[in-house]
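Undergrad: Sharing a structure with you now.
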Amino acid sequence: MKLSPASKYGLRTVALLYLFVLLVVPVALIFWRSFEHGLGQFWDWITTPAAISALQLSLLIVIIVVPLNVIFGVATAIALVRGRFRGRGIVQAIIDLPFAVSPVVVGVSLILLWGYGGWFGGIESLGFRVIFGLPGMVLATIFVTLPFVVREVEPVLREIGTEQEEAAATLGAGGWQTFRRITLPAIRWGLTYGVVLTVARSLGEYGAVIIVSSGFPGISQTLTLLVSSRYTDDYNEFGAYAAATLLMFIALLVLLAMTLIERRGAVGRVTRSARRTSNDTPDPTDETLPIDTTAGDKEYAR
């Protein structure tokens, strides 16, 4: 469908206004309220023992969840794309389940499974506490971030096909060597986006975590729970804004790191392509004459 210039500019204006109202204005307002009393007060709000403990716990959950989701996500994506087995559609539906189920329902389900009187609640008698502790928060975060790596890696695997992997296997490469040399470099950008989405969701998860967390500062309170606690329990609006701004700063750092990695990878690809091109181009100063290997056959025919 071909649009007129007026229609194009109109659609762009509507899109920009939509983003401005729903994204730019709220974020700018939070920044302004966070620094309204000065940088020193902002620093005091984000360096309290409760804030430092919440930041450490949030980062610890990210450090645990991201590697597990990467391992499981890549393996699942390979199984769904490369494998043919019964129940494949059911697995696809399970992967998308966190998109459809409310995070609060996830938290309640974990309590029914791991809480006191639950199916696996007896594990608490062994001294291992899941609900209202770090394990329960990790399980809740793993569930809500489950689809990101799978759904980012899966289309890349479909696009690259199996030709290079089959060629590597023909040349004698093992399964791990083929994955490390062929598959992993091909899916690295999809995997990077999946990791970024997983980190962002892990840091910002609230619904599932608040159900399985006690919310006590220094014990099981993440940054998102700290924002909620300061705003609703302590009536400390500016402290809540400061904690929310800290969360945004971490998200911006993650996005910046992803952008730098992507640009470095693009520069590396261009450099390798240029080197390949220069190696394939014959040197005009090279005076080596080509050898005619068919000369002997021609002489024998005469």
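As shown in the structure tokens, the chain order sets the letters A, B, ...; within each chain, residues go from 1, and ligands are also counted from 1 in the order they appear.
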Within 10 Å of Gly89 in chain A, counting only C-alpha atoms, which residues qualify if same-chain residues fewer than 5 places away don't, as a list in words?

TA: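 In the requested format, the answer is Leu80, Ile94 and Ile95 of chain A.
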
Undergrad: Which residues are close to Leu112 in chain A, i.e. within 12 Å by only C-alpha atoms, leaving aside same-chain residues fewer than 3 positions away? Reply as a PDB file with N, CA, C and O atoms, in the first residue's frame.

TA:
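See result_9.pdb below for the written result:
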ATOM      1  N   VAL A 105      -0.395 -15.538  39.554  1.00  0.00           N
ATOM      2  CA  VAL A 105      -0.788 -16.947  39.520  1.00  0.00           C
ATOM      3  C   VAL A 105       0.451 -17.835  39.652  1.00  0.00           C
ATOM      4  O   VAL A 105       0.405 -18.889  40.308  1.00  0.00           O
ATOM      5  N   VAL A 106       1.545 -17.425  39.034  1.00  0.00           N
ATOM      6  CA  VAL A 106       2.790 -18.183  39.144  1.00  0.00           C
ATOM      7  C   VAL A 106       3.245 -18.254  40.594  1.00  0.00           C
ATOM      8  O   VAL A 106       3.625 -19.321  41.105  1.00  0.00           O
ATOM      9  N   GLY A 107       3.207 -17.116  41.279  1.00  0.00           N
ATOM     10  CA  GLY A 107       3.602 -17.107  42.687  1.00  0.00           C
ATOM     11  C   GLY A 107       2.728 -18.000  43.543  1.00  0.00           C
ATOM     12  O   GLY A 107       3.225 -18.745  44.401  1.00  0.00           O
ATOM     13  N   VAL A 108       1.414 -17.957  43.332  1.00  0.00           N
ATOM     14  CA  VAL A 108       0.501 -18.807  44.092  1.00  0.00           C
ATOM     15  C   VAL A 108       0.769 -20.285  43.797  1.00  0.00           C
ATOM     16  O   VAL A 108       0.732 -21.136  44.704  1.00  0.00           O
ATOM     17  N   SER A 109       1.039 -20.609  42.540  1.00  0.00           N
ATOM     18  CA  SER A 109       1.336 -22.000  42.178  1.00  0.00           C
ATOM     19  C   SER A 109       2.597 -22.492  42.877  1.00  0.00           C
ATOM     20  O   SER A 109       2.657 -23.649  43.337  1.00  0.00           O
ATOM     21  N   GLY A 115       5.334 -24.573  49.291  1.00  0.00           N
ATOM     22  CA  GLY A 115       5.014 -24.021  50.599  1.00  0.00           C
ATOM     23  C   GLY A 115       4.697 -25.094  51.626  1.00  0.00           C
ATOM     24  O   GLY A 115       4.700 -26.301  51.342  1.00  0.00           O
ATOM     25  N   TYR A 116       4.411 -24.626  52.841  1.00  0.00           N
ATOM     26  CA  TYR A 116       4.091 -25.562  53.920  1.00  0.00           C
ATOM     27  C   TYR A 116       2.802 -26.300  53.581  1.00  0.00           C
ATOM     28  O   TYR A 116       1.769 -25.696  53.314  1.00  0.00           O
ATOM     29  N   GLY A 117       2.826 -27.611  53.576  1.00  0.00           N
ATOM     30  CA  GLY A 117       1.688 -28.425  53.220  1.00  0.00           C
ATOM     31  C   GLY A 117       1.552 -28.675  51.736  1.00  0.00           C
ATOM     32  O   GLY A 117       0.614 -29.358  51.310  1.00  0.00           O
ATOM     33  N   GLY A 118       2.471 -28.132  50.915  1.00  0.00           N
ATOM     34  CA  GLY A 118       2.430 -28.353  49.481  1.00  0.00           C
ATOM     35  C   GLY A 118       3.005 -29.698  49.090  1.00  0.00           C
ATOM     36  O   GLY A 118       3.435 -30.492  49.937  1.00  0.00           O
ATOM     37  N   TRP A 119       3.000 -29.969  47.789  1.00  0.00           N
ATOM     38  CA  TRP A 119       3.498 -31.252  47.295  1.00  0.00           C
ATOM     39  C   TRP A 119       4.950 -31.504  47.716  1.00  0.00           C
ATOM     40  O   TRP A 119       5.300 -32.619  48.071  1.00  0.00           O
ATOM     41  N   PHE A 120       5.781 -30.464  47.610  1.00  0.00           N
ATOM     42  CA  PHE A 120       7.188 -30.614  47.975  1.00  0.00           C
ATOM     43  C   PHE A 120       7.524 -29.815  49.237  1.00  0.00           C
ATOM     44  O   PHE A 120       8.686 -29.476  49.474  1.00  0.00           O
ATOM     45  N   GLY A 121       6.508 -29.516  50.023  1.00  0.00           N
ATOM     46  CA  GLY A 121       6.729 -28.712  51.215  1.00  0.00           C
ATOM     47  C   GLY A 121       7.561 -29.404  52.272  1.00  0.00           C
ATOM     48  O   GLY A 121       8.150 -28.757  53.139  1.00  0.00           O
ATOM     49  N   VAL A 130      12.257 -22.782  50.581  1.00  0.00           N
ATOM     50  CA  VAL A 130      12.050 -22.300  49.221  1.00  0.00           C
ATOM     51  C   VAL A 130      11.191 -21.040  49.213  1.00  0.00           C
ATOM     52  O   VAL A 130      11.608 -19.982  48.747  1.00  0.00           O
ATOM     53  N   ILE A 131       9.985 -21.151  49.746  1.00  0.00           N
ATOM     54  CA  ILE A 131       9.078 -20.015  49.768  1.00  0.00           C
ATOM     55  C   ILE A 131       9.524 -19.026  50.840  1.00  0.00           C
ATOM     56  O   ILE A 131       9.977 -19.418  51.924  1.00  0.00           O
ATOM     57  N   GLY A 136      12.743 -19.521  46.190  1.00  0.00           N
ATOM     58  CA  GLY A 136      11.428 -19.259  45.639  1.00  0.00           C
ATOM     59  C   GLY A 136      11.432 -18.072  44.691  1.00  0.00           C
ATOM     60  O   GLY A 136      10.768 -18.093  43.645  1.00  0.00           O
ATOM     61  N   ILE A 211       4.737 -12.480  45.790  1.00  0.00           N
ATOM     62  CA  ILE A 211       3.956 -13.564  46.397  1.00  0.00           C
ATOM     63  C   ILE A 211       4.853 -14.521  47.170  1.00  0.00           C
ATOM     64  O   ILE A 211       4.486 -14.993  48.255  1.00  0.00           O
ATOM     65  N   VAL A 212       6.031 -14.818  46.638  1.00  0.00           N
ATOM     66  CA  VAL A 212       6.912 -15.818  47.258  1.00  0.00           C
ATOM     67  C   VAL A 212       7.987 -15.174  48.118  1.00  0.00           C
ATOM     68  O   VAL A 212       8.888 -15.867  48.599  1.00  0.00           O
TER      69      VAL A 212
END

Undergrad: Just want the 12 Å neighbourhood of Ser228 in chain A, counted on only C-alpha atoms, with same-chain residues fewer than 5 positions away dropped. Output as a ChimeraX atom specification.

TA: /A:204-207,210,215,221-223,233-244

Undergrad: Using CA of Thr48 in chain A and CA of Phe35 in chain A as the two end points, give the distance in Å to one decimal.

TA: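 We find that CA of Thr48 in chain A and CA of Phe35 in chain A lie 16.4 Å from each other.
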
Undergrad: Between CA of Leu253 in chain A and CA of Thr141 in chain A, what distance in Å does the model show, to one decimal?

TA: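 One can read the CA of Leu253 in chain A to CA of Thr141 in chain A distance as 20.6 Å.
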
Undergrad: Give me the residues near range 179-183 of chain A as JSON, numbers by chain, where near means some atom within 10 Å (using only C-alpha atoms) and where sequence neighbours in that chain fewer than 2 positions away do not count.

TA: {"A": [78, 156, 157, 160, 161, 162, 164, 165, 168, 173, 174, 175, 176, 177, 185, 186, 187, 188]}

Undergrad: Would you save the residues from that selection as a PDB file, in the first residue's frame, using N, CA, C and O atoms?

TA:
ATOM      1  N   ILE A  78      17.088 -25.506  20.059  1.00  0.00           N
ATOM      2  CA  ILE A  78      17.676 -26.489  19.146  1.00  0.00           C
ATOM      3  C   ILE A  78      16.777 -27.707  19.019  1.00  0.00           C
ATOM      4  O   ILE A  78      16.574 -28.244  17.915  1.00  0.00           O
ATOM      5  N   VAL A 156      16.433 -17.614  14.488  1.00  0.00           N
ATOM      6  CA  VAL A 156      17.790 -17.569  13.928  1.00  0.00           C
ATOM      7  C   VAL A 156      18.221 -18.960  13.491  1.00  0.00           C
ATOM      8  O   VAL A 156      18.823 -19.134  12.425  1.00  0.00           O
ATOM      9  N   LEU A 157      17.911 -19.964  14.290  1.00  0.00           N
ATOM     10  CA  LEU A 157      18.243 -21.340  13.918  1.00  0.00           C
ATOM     11  C   LEU A 157      17.504 -21.765  12.652  1.00  0.00           C
ATOM     12  O   LEU A 157      18.076 -22.454  11.792  1.00  0.00           O
ATOM     13  N   ILE A 160      19.388 -20.010   9.580  1.00  0.00           N
ATOM     14  CA  ILE A 160      20.712 -20.481   9.165  1.00  0.00           C
ATOM     15  C   ILE A 160      20.658 -21.879   8.577  1.00  0.00           C
ATOM     16  O   ILE A 160      21.585 -22.284   7.852  1.00  0.00           O
ATOM     17  N   GLY A 161      19.613 -22.649   8.863  1.00  0.00           N
ATOM     18  CA  GLY A 161      19.512 -23.989   8.303  1.00  0.00           C
ATOM     19  C   GLY A 161      20.502 -24.956   8.934  1.00  0.00           C
ATOM     20  O   GLY A 161      21.112 -24.683   9.973  1.00  0.00           O
ATOM     21  N   THR A 162      20.688 -26.085   8.288  1.00  0.00           N
ATOM     22  CA  THR A 162      21.551 -27.144   8.825  1.00  0.00           C
ATOM     23  C   THR A 162      22.731 -27.475   7.919  1.00  0.00           C
ATOM     24  O   THR A 162      23.473 -28.418   8.214  1.00  0.00           O
ATOM     25  N   GLN A 164      25.655 -25.936   7.207  1.00  0.00           N
ATOM     26  CA  GLN A 164      26.985 -25.817   7.785  1.00  0.00           C
ATOM     27  C   GLN A 164      27.219 -26.862   8.876  1.00  0.00           C
ATOM     28  O   GLN A 164      28.330 -27.423   8.979  1.00  0.00           O
ATOM     29  N   GLU A 165      26.214 -27.135   9.675  1.00  0.00           N
ATOM     30  CA  GLU A 165      26.369 -28.145  10.715  1.00  0.00           C
ATOM     31  C   GLU A 165      26.582 -29.528  10.105  1.00  0.00           C
ATOM     32  O   GLU A 165      27.405 -30.318  10.597  1.00  0.00           O
ATOM     33  N   ALA A 168      30.118 -29.737   8.806  1.00  0.00           N
ATOM     34  CA  ALA A 168      31.077 -29.941   9.890  1.00  0.00           C
ATOM     35  C   ALA A 168      31.052 -31.387  10.371  1.00  0.00           C
ATOM     36  O   ALA A 168      32.106 -31.980  10.643  1.00  0.00           O
ATOM     37  N   ALA A 173      33.690 -33.404  12.727  1.00  0.00           N
ATOM     38  CA  ALA A 173      33.504 -32.635  13.950  1.00  0.00           C
ATOM     39  C   ALA A 173      32.464 -33.292  14.843  1.00  0.00           C
ATOM     40  O   ALA A 173      31.451 -33.805  14.369  1.00  0.00           O
ATOM     41  N   GLY A 174      32.726 -33.267  16.138  1.00  0.00           N
ATOM     42  CA  GLY A 174      31.776 -33.809  17.087  1.00  0.00           C
ATOM     43  C   GLY A 174      30.630 -32.850  17.352  1.00  0.00           C
ATOM     44  O   GLY A 174      30.601 -31.724  16.855  1.00  0.00           O
ATOM     45  N   GLY A 175      29.668 -33.304  18.169  1.00  0.00           N
ATOM     46  CA  GLY A 175      28.509 -32.478  18.452  1.00  0.00           C
ATOM     47  C   GLY A 175      28.858 -31.195  19.165  1.00  0.00           C
ATOM     48  O   GLY A 175      28.397 -30.107  18.798  1.00  0.00           O
ATOM     49  N   TRP A 176      29.693 -31.283  20.213  1.00  0.00           N
ATOM     50  CA  TRP A 176      30.076 -30.085  20.957  1.00  0.00           C
ATOM     51  C   TRP A 176      30.920 -29.161  20.109  1.00  0.00           C
ATOM     52  O   TRP A 176      30.776 -27.937  20.162  1.00  0.00           O
ATOM     53  N   GLN A 177      31.835 -29.713  19.319  1.00  0.00           N
ATOM     54  CA  GLN A 177      32.680 -28.891  18.454  1.00  0.00           C
ATOM     55  C   GLN A 177      31.846 -28.181  17.390  1.00  0.00           C
ATOM     56  O   GLN A 177      32.075 -27.006  17.090  1.00  0.00           O
ATOM     57  N   PRO A 185      28.314 -19.244  17.122  1.00  0.00           N
ATOM     58  CA  PRO A 185      28.566 -17.959  16.450  1.00  0.00           C
ATOM     59  C   PRO A 185      27.398 -17.480  15.595  1.00  0.00           C
ATOM     60  O   PRO A 185      27.178 -16.276  15.465  1.00  0.00           O
ATOM     61  N   ALA A 186      26.637 -18.414  15.037  1.00  0.00           N
ATOM     62  CA  ALA A 186      25.518 -18.024  14.176  1.00  0.00           C
ATOM     63  C   ALA A 186      24.343 -17.468  14.974  1.00  0.00           C
ATOM     64  O   ALA A 186      23.602 -16.607  14.476  1.00  0.00           O
ATOM     65  N   ILE A 187      24.147 -17.923  16.219  1.00  0.00           N
ATOM     66  CA  ILE A 187      22.988 -17.490  17.002  1.00  0.00           C
ATOM     67  C   ILE A 187      23.354 -16.439  18.044  1.00  0.00           C
ATOM     68  O   ILE A 187      22.506 -16.078  18.873  1.00  0.00           O
ATOM     69  N   ARG A 188      24.580 -15.926  18.016  1.00  0.00           N
ATOM     70  CA  ARG A 188      25.036 -15.080  19.122  1.00  0.00           C
ATOM     71  C   ARG A 188      24.213 -13.808  19.275  1.00  0.00           C
ATOM     72  O   ARG A 188      23.990 -13.340  20.396  1.00  0.00           O
TER      73      ARG A 188
END

Undergrad: Could you check how far CA of Tyr193 in chain A sits from CA of Thr224 in chain A, in Å to one decimal?

TA: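 If I compute the distance from CA of Tyr193 in chain A to CA of Thr224 in chain A, I get 22.5 Å.
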